[in-house]
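A.B. asks: Below is the file upload01.txt, which contains compact mmCIF, C-alpha atoms.
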# COMPACT_ATOMS: atom_id res chain seq x y z
CA MET A 1 0.00 0.00 0.00
CA ILE A 2 2.88 2.37 0.83
CA LYS A 3 4.44 1.59 -2.56
CA LYS A 4 1.14 2.44 -4.27
CA ILE A 5 0.84 5.73 -2.34
CA LEU A 6 4.42 6.67 -3.31
CA ILE A 7 3.85 5.84 -7.00
CA ILE A 8 0.65 7.94 -7.13
CA THR A 9 2.35 10.79 -5.20
CA CYS A 10 5.47 10.88 -7.39
CA SER A 11 3.71 10.55 -10.75
CA SER A 12 1.05 13.15 -9.88
CA PHE A 13 3.67 15.51 -8.36
CA THR A 14 5.77 15.35 -11.56
CA ALA A 15 2.75 16.06 -13.77
CA ILE A 16 1.40 18.84 -11.52
CA VAL A 17 4.79 20.62 -11.28
CA LEU A 18 5.21 20.53 -15.07
CA PHE A 19 1.71 21.94 -15.67
CA PHE A 20 2.16 24.50 -12.87
CA ILE A 21 5.39 25.80 -14.45
CA LEU A 22 3.75 25.85 -17.90
CA PHE A 23 0.71 27.84 -16.74
CA SER A 24 2.76 30.18 -14.53
CA LYS A 25 5.00 30.96 -17.55
CA LEU A 26 1.82 31.76 -19.50
CA GLY A 27 0.78 34.07 -16.67
CA VAL A 28 -2.43 32.16 -15.90
CA ILE A 29 -1.40 31.36 -12.32
CA ILE A 30 1.12 32.61 -9.72
CA PRO A 31 4.90 32.08 -10.35
CA PHE A 32 6.45 28.77 -9.29
CA SER A 33 8.68 28.77 -6.18
CA GLU A 34 10.39 26.34 -3.73
CA ASP A 35 7.56 26.84 -1.19
CA ILE A 36 4.98 26.02 -3.83
CA ALA A 37 6.91 22.86 -4.77
CA LEU A 38 6.68 21.65 -1.15
CA GLN A 39 3.01 22.62 -0.89
CA LEU A 40 2.24 20.72 -4.11
CA PHE A 41 4.04 17.66 -2.75
CA VAL A 42 1.93 17.74 0.44
CA MET A 43 -1.22 18.03 -1.70
CA CYS A 44 -0.18 15.08 -3.89
CA LEU A 45 0.62 12.95 -0.82
CA ILE A 46 -2.73 13.71 0.86
CA ILE A 47 -4.59 13.06 -2.42
CA ALA A 48 -2.79 9.69 -2.86
CA ILE A 49 -3.76 8.60 0.69
CA LEU A 50 -7.37 9.71 0.21
CA LEU A 51 -7.60 7.97 -3.17
CA ILE A 52 -6.58 4.68 -1.52
CA ILE A 53 -9.32 5.25 1.10
CA VAL A 54 -11.83 6.02 -1.69
CA GLU A 55 -10.79 2.77 -3.38
CA LEU A 56 -11.42 0.81 -0.15
CA ILE A 57 -14.84 2.43 0.26
CA GLU A 58 -15.70 1.57 -3.36
CA VAL A 59 -14.81 -2.09 -2.74
CA ARG A 60 -16.95 -2.15 0.41
CA LEU A 61 -19.91 -0.53 -1.36
CA ASP A 62 -19.25 -2.62 -4.49
CA VAL A 63 -19.20 0.44 -6.78
CA SER A 64 -18.72 -0.68 -10.39
CA SER A 65 -19.64 2.50 -12.27
CA ILE A 66 -16.70 4.11 -14.09
CA PHE A 67 -18.45 7.49 -13.90
CA ALA A 68 -18.93 7.28 -10.10
CA ASP A 69 -15.30 6.18 -9.69
CA ALA A 70 -13.92 9.03 -11.81
CA LEU A 71 -16.21 11.58 -10.12
CA ALA A 72 -15.13 10.45 -6.64
CA ARG A 73 -11.48 10.80 -7.64
CA VAL A 74 -11.83 14.24 -9.25
CA LEU A 75 -13.85 15.53 -6.27
CA THR A 76 -11.19 14.19 -3.86
CA CYS A 77 -8.49 16.05 -5.81
CA TYR A 78 -10.50 19.31 -5.86
CA PHE A 79 -11.33 19.02 -2.15
CA VAL A 80 -7.69 18.53 -1.10
CA VAL A 81 -6.27 21.18 -3.45
CA PHE A 82 -8.91 23.71 -2.40
CA ILE A 83 -8.50 23.15 1.36
CA VAL A 84 -4.69 22.75 1.45
CA GLY A 85 -4.14 25.54 -1.11
CA SER A 86 -6.31 27.92 0.93
CA LEU A 87 -4.49 26.98 4.16
CA PHE A 88 -1.07 27.60 2.54
CA GLY A 89 -2.34 30.90 1.08
CA MET A 90 -1.82 29.84 -2.54
CA PHE A 91 -5.23 31.27 -3.43
CA PRO A 92 -8.21 32.82 -1.56
CA PHE A 93 -10.85 30.62 0.09
CA SER A 94 -13.57 31.40 -2.47
CA TRP A 95 -15.25 30.00 -5.59
CA ILE A 96 -12.96 32.08 -7.85
CA SER A 97 -10.07 29.81 -6.76
CA PHE A 98 -11.49 27.01 -8.92
CA ALA A 99 -10.38 29.07 -11.94
CA TYR A 100 -6.77 28.83 -10.67
CA ILE A 101 -7.01 25.17 -9.68
CA THR A 102 -8.64 23.69 -12.81
CA PRO A 103 -5.93 24.43 -15.47
CA VAL A 104 -3.32 22.54 -13.39
CA LEU A 105 -5.48 19.95 -11.64
CA LEU A 106 -7.42 18.50 -14.58
CA PRO A 107 -4.45 17.87 -16.95
CA GLY A 108 -2.43 16.59 -13.97
CA PHE A 109 -5.26 14.21 -13.05
CA ILE A 110 -5.59 12.96 -16.64
CA VAL A 111 -1.82 12.36 -16.97
CA THR A 112 -1.66 10.48 -13.64
CA TYR A 113 -4.73 8.42 -14.59
CA ALA A 114 -3.14 7.62 -17.97
CA ILE A 115 0.11 6.46 -16.29
CA SER A 116 -1.87 4.26 -13.90
CA TYR A 117 -3.95 2.86 -16.81
CA THR A 118 -0.80 2.08 -18.85
CA THR A 119 0.69 0.22 -15.86
CA CYS A 120 -2.54 -1.81 -15.52
CA ILE A 121 -2.39 -2.73 -19.23
CA GLU A 122 1.20 -3.97 -18.78
CA HIS A 123 0.07 -6.08 -15.83
CA SER A 124 -2.81 -7.59 -17.84
CA HIS A 125 -0.37 -8.48 -20.66
CA ALA A 126 1.87 -10.23 -18.10
CA ILE A 127 -1.11 -12.18 -16.72
CA ASN A 128 -2.22 -13.22 -20.23
CA ALA A 129 1.32 -14.40 -21.01
CA SER A 130 1.33 -16.42 -17.78
CA ILE A 131 -2.07 -17.99 -18.63
CA LYS A 132 -0.79 -18.97 -22.10
CA ARG A 133 2.37 -20.47 -20.56
CA ASN A 134 0.33 -22.52 -18.09
CA GLN A 135 -2.01 -23.73 -20.87
CA LYS A 136 0.99 -24.96 -22.90
CA ASN A 137 2.35 -26.84 -19.88
CA MET B 1 12.12 -33.87 -7.65
CA LYS B 2 11.40 -37.55 -6.97
CA LEU B 3 7.89 -38.93 -7.43
CA LEU B 4 7.04 -42.09 -5.51
CA ILE B 5 3.74 -43.85 -6.11
CA GLU B 6 2.85 -46.84 -3.97
CA GLN B 7 -0.23 -48.68 -5.19
CA SER B 8 -1.89 -51.25 -2.94
CA LEU B 9 -5.34 -52.81 -2.90
CA ASN B 10 -5.23 -52.66 0.93
CA CYS B 11 -5.09 -48.86 0.90
CA ASN B 12 -8.49 -47.36 1.87
CA GLU B 13 -7.64 -43.68 1.67
CA THR B 14 -5.26 -42.04 -0.79
CA GLU B 15 -2.53 -40.15 1.05
CA ILE B 16 -0.20 -37.58 -0.49
CA LYS B 17 2.89 -36.72 1.55
CA ILE B 18 5.36 -34.07 0.38
CA THR B 19 8.88 -34.07 1.81
CA CYS B 20 10.81 -30.93 0.91
CA GLY B 21 13.47 -28.48 2.01
CA LEU B 22 12.69 -24.88 1.17
CA MET B 23 9.25 -24.42 -0.41
CA ASP B 24 9.58 -22.58 -3.74
CA ASP B 25 6.85 -21.11 -5.97
CA ARG B 26 6.61 -24.21 -8.18
CA LEU B 27 6.05 -26.43 -5.16
CA LYS B 28 3.47 -24.02 -3.74
CA ARG B 29 1.61 -24.15 -7.07
CA LEU B 30 1.76 -27.94 -7.06
CA ILE B 31 0.27 -27.99 -3.53
CA GLU B 32 -2.48 -25.60 -4.67
CA GLU B 33 -3.32 -27.98 -7.51
CA ILE B 34 -3.34 -31.00 -5.17
CA ARG B 35 -5.69 -29.17 -2.78
CA LEU B 36 -7.89 -28.27 -5.75
CA TYR B 37 -8.30 -31.94 -6.67
CA SER B 38 -8.59 -33.17 -3.07
CA PHE B 39 -11.59 -31.24 -1.78
CA SER B 40 -15.22 -30.76 -2.71
CA ILE B 41 -17.94 -28.33 -1.70
CA ALA B 42 -21.49 -29.29 -0.72
CA ALA B 43 -24.21 -27.73 -2.86
CA LYS B 44 -27.99 -28.15 -3.16
CA LYS B 45 -29.53 -29.71 -6.24
CA ASP B 46 -33.27 -30.47 -6.46
CA GLY B 47 -33.57 -30.61 -2.65
CA THR B 48 -30.64 -33.00 -2.19
CA THR B 49 -27.03 -32.25 -1.24
CA ILE B 50 -24.33 -33.01 -3.79
CA ASN B 51 -20.56 -32.74 -3.48
CA VAL B 52 -19.00 -30.68 -6.25
CA PRO B 53 -15.25 -31.21 -6.85
CA LEU B 54 -13.32 -27.94 -6.51
CA GLU B 55 -11.72 -28.19 -9.95
CA GLU B 56 -15.17 -28.11 -11.57
CA ILE B 57 -16.18 -24.90 -9.79
CA TYR B 58 -15.63 -21.64 -11.73
CA TYR B 59 -16.60 -19.16 -9.02
CA PHE B 60 -18.75 -18.42 -5.97
CA ASP B 61 -21.03 -15.41 -5.97
CA SER B 62 -23.12 -13.99 -3.15
CA THR B 63 -26.45 -12.29 -3.85
CA ASP B 64 -28.95 -11.24 -1.13
CA ASN B 65 -27.07 -13.22 1.53
CA GLN B 66 -27.24 -16.44 -0.53
CA THR B 67 -24.08 -17.96 -1.96
CA PHE B 68 -24.21 -19.58 -5.38
CA LEU B 69 -21.69 -21.95 -6.86
CA TYR B 70 -21.07 -21.49 -10.59
CA MET B 71 -19.79 -24.28 -12.82
CA ASP B 72 -19.24 -24.38 -16.59
CA ASN B 73 -22.98 -24.14 -17.31
CA GLN B 74 -24.69 -24.94 -14.01
CA VAL B 75 -25.47 -22.89 -10.91
CA TYR B 76 -26.22 -24.37 -7.48
CA PRO B 77 -26.99 -22.72 -4.13
CA CYS B 78 -24.34 -23.34 -1.48
CA ASN B 79 -24.76 -23.30 2.31
CA LYS B 80 -21.45 -21.63 3.13
CA LYS B 81 -20.89 -17.87 3.36
CA LEU B 82 -18.19 -16.27 1.22
CA TYR B 83 -15.98 -15.52 4.24
CA GLU B 84 -16.19 -19.18 5.30
CA LEU B 85 -15.29 -20.31 1.80
CA GLU B 86 -12.40 -17.85 1.74
CA VAL B 87 -10.91 -19.56 4.80
CA HIS B 88 -11.73 -23.05 3.50
CA LEU B 89 -10.17 -22.33 0.11
CA ALA B 90 -6.98 -20.67 1.36
CA ASP B 91 -3.86 -22.00 -0.41
CA THR B 92 -5.87 -23.16 -3.43
CA THR B 93 -6.30 -21.52 -6.83
CA PHE B 94 -9.40 -19.73 -5.51
CA MET B 95 -9.23 -16.10 -4.41
CA ARG B 96 -11.53 -13.21 -3.56
CA ILE B 97 -11.82 -10.80 -6.52
CA SER B 98 -14.59 -8.52 -5.23
CA LYS B 99 -16.91 -8.08 -2.26
CA ASN B 100 -19.32 -10.66 -3.70
CA CYS B 101 -17.14 -13.08 -5.60
CA ILE B 102 -14.48 -15.77 -5.12
CA LEU B 103 -12.93 -16.94 -8.39
CA ASN B 104 -11.06 -20.09 -9.37
CA THR B 105 -8.05 -18.51 -11.11
CA SER B 106 -7.33 -21.75 -12.99
CA VAL B 107 -10.45 -21.18 -15.17
CA VAL B 108 -9.40 -17.70 -16.31
CA GLY B 109 -8.88 -17.69 -20.08
CA SER B 110 -7.72 -14.09 -20.46
CA VAL B 111 -7.85 -10.68 -18.79
CA ARG B 112 -8.36 -7.14 -20.07
CA THR B 113 -7.85 -3.82 -18.32
CA GLN B 114 -10.94 -1.63 -18.15
CA PHE B 115 -10.67 2.14 -18.40
CA SER B 116 -11.67 2.36 -14.72
CA GLY B 117 -8.48 0.44 -13.78
CA ARG B 118 -10.36 -2.75 -12.93
CA LEU B 119 -9.57 -6.04 -14.63
CA GLU B 120 -12.14 -7.92 -16.68
CA ALA B 121 -11.46 -11.65 -16.46
CA THR B 122 -12.91 -13.81 -19.23
CA LEU B 123 -13.45 -17.37 -18.03
CA LYS B 124 -13.04 -20.53 -20.11
CA ASN B 125 -16.83 -20.67 -20.63
CA GLY B 126 -16.88 -17.10 -21.95
CA GLU B 127 -18.32 -15.50 -18.81
CA LYS B 128 -16.80 -12.19 -17.75
CA LEU B 129 -16.10 -11.14 -14.15
CA LEU B 130 -14.65 -7.92 -12.75
CA VAL B 131 -11.65 -7.90 -10.42
CA SER B 132 -11.82 -4.97 -7.98
CA LYS B 133 -8.79 -2.70 -7.77
CA HIS B 134 -8.33 -3.69 -4.14
CA TYR B 135 -7.66 -7.34 -5.12
CA LEU B 136 -5.55 -6.63 -8.22
CA LYS B 137 -2.17 -7.19 -6.58
CA ASP B 138 -3.19 -10.56 -5.09
CA PHE B 139 -4.73 -11.50 -8.44
CA ARG B 140 -1.46 -10.68 -10.26
CA ASP B 141 0.52 -12.64 -7.68
CA LYS B 142 -1.58 -15.76 -8.42
CA PHE B 143 -0.26 -15.73 -11.99
CA GLU B 144 3.41 -15.02 -11.26
Show me, as structure tokens, the structure contained in the file I just sent.
C.D. replies:
Amino acid sequence: MIKKILIITCSSFTAIVLFFILFSKLGVIIPFSEDIALQLFVMCLIIAILLIIVELIEVRLDVSSIFADALARVLTCYFVVFIVGSLFGMFPFSWISFAYITPVLLPGFIVTYAISYTTCIEHSHAINASIKRNQKN
Amino acid sequence: MKLLIEQSLNCNETEIKITCGLMDDRLKRLIEEIRLYSFSIAAKKDGTTINVPLEEIYYFDSTDNQTFLYMDNQVYPCNKKLYELEVHLADTTFMRISKNCILNTSVVGSVRTQFSGRLEATLKNGEKLLVSKHYLKDFRDKFE
């Protein structure tokens, strides 16, 4: 579980930092700094932990809808970024902050999801290869 | 590995004894297979109780507090709860894949990743079952 949390944290942190720098260069959001790097890492870590908890809840409730799963994940990301970002003073505690959050959060979420999906595809290929091997034996 | 088979007409019960040093993955798999062919599960058919050999069972599914045993093309109610079966079937090819289902991994024909990150397992009879994300690692380990 710790390994999974670290993988989600590191991949999402990399994606978020890259998008943050891109959008700050374009002047859409505030300039990137060392403090912001640390704050983003804390956000990514909290999101990774909460996503694991969401996953456990989904298993318990037997949620099989892709839409419900994706919605729960996006809402978790928004909730953490909004609360932690407001606490660190990255943006004001108001609805207007969503305009700052969305350009970085959504592409970052999609990239992290894509990395996770690619890893799952590799795993399924490995399982299929193992099944074929066992059938031959 | 040495294989000794002693056949005698005086033997009433077949006994398998494994003598080994360190237990490796191949030996563990062999033991899983032996367990699979050694046990059976009681199920109800037309009001009577029948014993279904484990290797013929595809999966167990629980709906409305009733457990059902699924075979290639037959379904029978089963008296045991999923958590009881989980204990009973430990160290066999069976494993929990979701809240409601225990699957015999030896009947999986192929798997496919869904966009949600879950795995869709296609069984040898063409049926499809979903493996929850929570059980993915254990599921992968069964095939390593």
A.B. asks: Taking all atoms listed in the file into account and nothing else, which residues of chain B lie no more than 9 Å away from chain A? Please answer as a list in words.
C.D. replies: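 Matching residues, ligands excluded from the count: Ser98, Lys99, Asn100, Ser106, Val108, Gly109, Ser110, Val111, Arg112, Thr113, Gln114, Phe115, Ser116, Gly117, Arg118, Leu119, Leu130, Ser132, Lys133, His134, Arg140, Phe143 and Glu144 of chain B.
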A.B. asks: Please provide the set of residues having any atom within 8 Å of range 14-24 of chain A, restricted to only C-alpha atoms, with same-chain residues fewer than 2 positions apart removed, written as a VMD selection string.
C.D. replies: chain A and resid 10 to 12 26 to 32 37 40 103 to 105 107 to 108 111 to 112
A.B. asks: Might you pull out every residue within 8 Å of Leu69 in chain B, with all atoms listed in the file counted and same-chain residues fewer than 2 positions away left off, and present them as a list in words?
C.D. replies: Ala43, Ile57, Tyr58, Tyr59, Phe60, Asp61, Thr67, Met71, Val75, Tyr76, Pro77 and Cys78 of chain B
A.B. asks: I'd like the interatomic distance between CA of Arg133 in chain A and CA of Lys128 in chain B, to a tenth of an Å.
C.D. replies: 21.1 Å
A.B. asks: Could you please determine the separation between CA of Ala48 in chain A and CA of Leu6 in chain A in Å, to one decimal place?
C.D. replies: 7.8 Å
A.B. asks: I'd like to know which of B:Leu54, B:Ala42, B:Leu4, B:Met23 is closest to Thr105 in chain B, using only C-alpha atoms.
C.D. replies: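 Among B:Leu54, B:Ala42, B:Leu4, B:Met23, it is B:Leu54 that comes nearest to Thr105 in chain B.
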A.B. asks: Using only C-alpha atoms for the distances, tell me which of A:Val74, A:Val81, A:Ile110, A:Ile8 is nearest to Met43 in chain A.
C.D. replies: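 With only C-alpha atoms as the atom set, the closest residue is A:Val81.
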A.B. asks: Quick one, how far is CA of Ile16 in chain B from CA of Ser38 in chain B?
C.D. replies: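 It comes out at 9.8 Å.
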A.B. asks: Under the rule that all atoms listed in the file are counted, which of B:Cys101, B:Leu129, B:Leu89, B:Met95 is the nearest residue to Arg35 in chain B?
C.D. replies: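 Smallest distance to Arg35 in chain B is found for B:Leu89.
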A.B. asks: For each of B:Ile18, B:Phe94, B:Asp46, B:Lys124, take the minimum atom-to-atom distance to Leu30 in chain B, counting only C-alpha atoms, then give the residue where this is smallest.
C.D. replies: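 Under the stated criterion, the closest residue is B:Ile18.
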A.B. asks: List every protein, DNA or RNA residue that has at least one atom no more than 12 Å from (-10.4, 26.3, -10.6) in the file's coordinates, counting all atoms listed in the file, and write the result as a CSV table (one decimal) with C-alpha atoms, keeping the file's coordinate frame.
C.D. replies:
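Written file, selection_18.csv:
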chain,number,residue,atom,x,y,z
A,28,VAL,CA,-2.4,32.2,-15.9
A,29,ILE,CA,-1.4,31.4,-12.3
A,77,CYS,CA,-8.5,16.0,-5.8
A,78,TYR,CA,-10.5,19.3,-5.9
A,79,PHE,CA,-11.3,19.0,-2.2
A,81,VAL,CA,-6.3,21.2,-3.4
A,82,PHE,CA,-8.9,23.7,-2.4
A,85,GLY,CA,-4.1,25.5,-1.1
A,91,PHE,CA,-5.2,31.3,-3.4
A,92,PRO,CA,-8.2,32.8,-1.6
A,93,PHE,CA,-10.8,30.6,0.1
A,94,SER,CA,-13.6,31.4,-2.5
A,95,TRP,CA,-15.2,30.0,-5.6
A,96,ILE,CA,-13.0,32.1,-7.8
A,97,SER,CA,-10.1,29.8,-6.8
A,98,PHE,CA,-11.5,27.0,-8.9
A,99,ALA,CA,-10.4,29.1,-11.9
A,100,TYR,CA,-6.8,28.8,-10.7
A,101,ILE,CA,-7.0,25.2,-9.7
A,102,THR,CA,-8.6,23.7,-12.8
A,103,PRO,CA,-5.9,24.4,-15.5
A,104,VAL,CA,-3.3,22.5,-13.4
A,105,LEU,CA,-5.5,20.0,-11.6
A,106,LEU,CA,-7.4,18.5,-14.6
A.B. asks: Find the residues around Asn125 in chain B up to 8 Å (only C-alpha atoms counted), leave out those fewer than 2 positions away in its own chain, and share them as a PyMOL selection string.
C.D. replies: chain B and resi 72-73+123+127
A.B. asks: From the list B:Glu56, B:Cys11, B:Arg26, B:Asn79, which residue is nearest Lys44 in chain B when using all atoms listed in the file?
C.D. replies: B:Asn79
A.B. asks: If you count only C-alpha atoms, which residues fall within 9 Å of Glu33 in chain B, apart from same-chain ones fewer than 6 positions away, as a compact mmCIF listing (two decimals) with C-alpha atoms, in the coordinates of the input?
C.D. replies:
# COMPACT_ATOMS: atom_id res chain seq x y z
CA GLU B 55 -11.72 -28.19 -9.95
CA THR B 92 -5.87 -23.16 -3.43
CA THR B 93 -6.30 -21.52 -6.83
A.B. asks: Using the incomplete input, complete range 116-135 of chain B to the level of N, CA, C and O atoms; output as a compact mmCIF listing (two decimals), keeping the file's coordinate frame.
C.D. replies:
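Wrote rebuild-v8.txt, looks like this:
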# COMPACT_ATOMS: atom_id res chain seq x y z
N SER B 116 -11.57 1.99 -16.14
CA SER B 116 -11.67 2.36 -14.72
C SER B 116 -10.48 1.85 -13.91
O SER B 116 -10.32 2.20 -12.75
N GLY B 117 -9.63 1.00 -14.51
CA GLY B 117 -8.48 0.44 -13.78
C GLY B 117 -8.76 -0.95 -13.26
O GLY B 117 -7.86 -1.62 -12.76
N ARG B 118 -10.03 -1.38 -13.35
CA ARG B 118 -10.36 -2.75 -12.93
C ARG B 118 -9.99 -3.75 -14.03
O ARG B 118 -9.81 -3.36 -15.18
N LEU B 119 -9.88 -5.01 -13.64
CA LEU B 119 -9.57 -6.04 -14.63
C LEU B 119 -10.84 -6.80 -14.98
O LEU B 119 -11.63 -7.12 -14.09
N GLU B 120 -11.02 -7.08 -16.25
CA GLU B 120 -12.14 -7.92 -16.68
C GLU B 120 -11.57 -9.28 -17.01
O GLU B 120 -10.75 -9.41 -17.92
N ALA B 121 -11.96 -10.29 -16.23
CA ALA B 121 -11.46 -11.65 -16.46
C ALA B 121 -12.48 -12.43 -17.29
O ALA B 121 -13.64 -12.51 -16.91
N THR B 122 -12.03 -12.97 -18.42
CA THR B 122 -12.91 -13.81 -19.23
C THR B 122 -12.61 -15.27 -18.89
O THR B 122 -11.46 -15.71 -19.00
N LEU B 123 -13.63 -15.99 -18.46
CA LEU B 123 -13.45 -17.37 -18.03
C LEU B 123 -13.48 -18.31 -19.24
O LEU B 123 -13.82 -17.90 -20.35
N LYS B 124 -13.12 -19.56 -19.01
CA LYS B 124 -13.04 -20.53 -20.11
C LYS B 124 -14.40 -20.77 -20.77
O LYS B 124 -14.47 -21.20 -21.91
N ASN B 125 -15.50 -20.49 -20.03
CA ASN B 125 -16.83 -20.67 -20.63
C ASN B 125 -17.36 -19.38 -21.25
O ASN B 125 -18.51 -19.29 -21.64
N GLY B 126 -16.51 -18.36 -21.31
CA GLY B 126 -16.88 -17.10 -21.95
C GLY B 126 -17.47 -16.06 -21.01
O GLY B 126 -17.65 -14.90 -21.39
N GLU B 127 -17.78 -16.46 -19.77
CA GLU B 127 -18.32 -15.50 -18.81
C GLU B 127 -17.28 -14.46 -18.44
O GLU B 127 -16.08 -14.76 -18.42
N LYS B 128 -17.73 -13.25 -18.11
CA LYS B 128 -16.80 -12.19 -17.75
C LYS B 128 -17.06 -11.74 -16.31
O LYS B 128 -18.20 -11.53 -15.92
N LEU B 129 -15.98 -11.61 -15.53
CA LEU B 129 -16.10 -11.14 -14.15
C LEU B 129 -15.14 -9.98 -13.93
O LEU B 129 -14.08 -9.91 -14.57
N LEU B 130 -15.51 -9.07 -13.02
CA LEU B 130 -14.65 -7.92 -12.75
C LEU B 130 -13.81 -8.14 -11.50
O LEU B 130 -14.32 -8.59 -10.47
N VAL B 131 -12.53 -7.82 -11.59
CA VAL B 131 -11.65 -7.90 -10.42
C VAL B 131 -11.51 -6.49 -9.86
O VAL B 131 -11.06 -5.58 -10.56
N SER B 132 -11.93 -6.29 -8.60
CA SER B 132 -11.82 -4.97 -7.98
C SER B 132 -10.37 -4.54 -7.84
O SER B 132 -9.49 -5.38 -7.68
N LYS B 133 -10.16 -3.23 -7.87
CA LYS B 133 -8.79 -2.70 -7.77
C LYS B 133 -8.10 -3.19 -6.50
O LYS B 133 -6.91 -3.44 -6.49
N HIS B 134 -8.87 -3.31 -5.44
CA HIS B 134 -8.33 -3.69 -4.14
C HIS B 134 -7.67 -5.08 -4.18
O HIS B 134 -6.74 -5.36 -3.44
N TYR B 135 -8.18 -5.97 -5.06
CA TYR B 135 -7.66 -7.34 -5.12
C TYR B 135 -6.70 -7.56 -6.29
O TYR B 135 -6.27 -8.68 -6.52
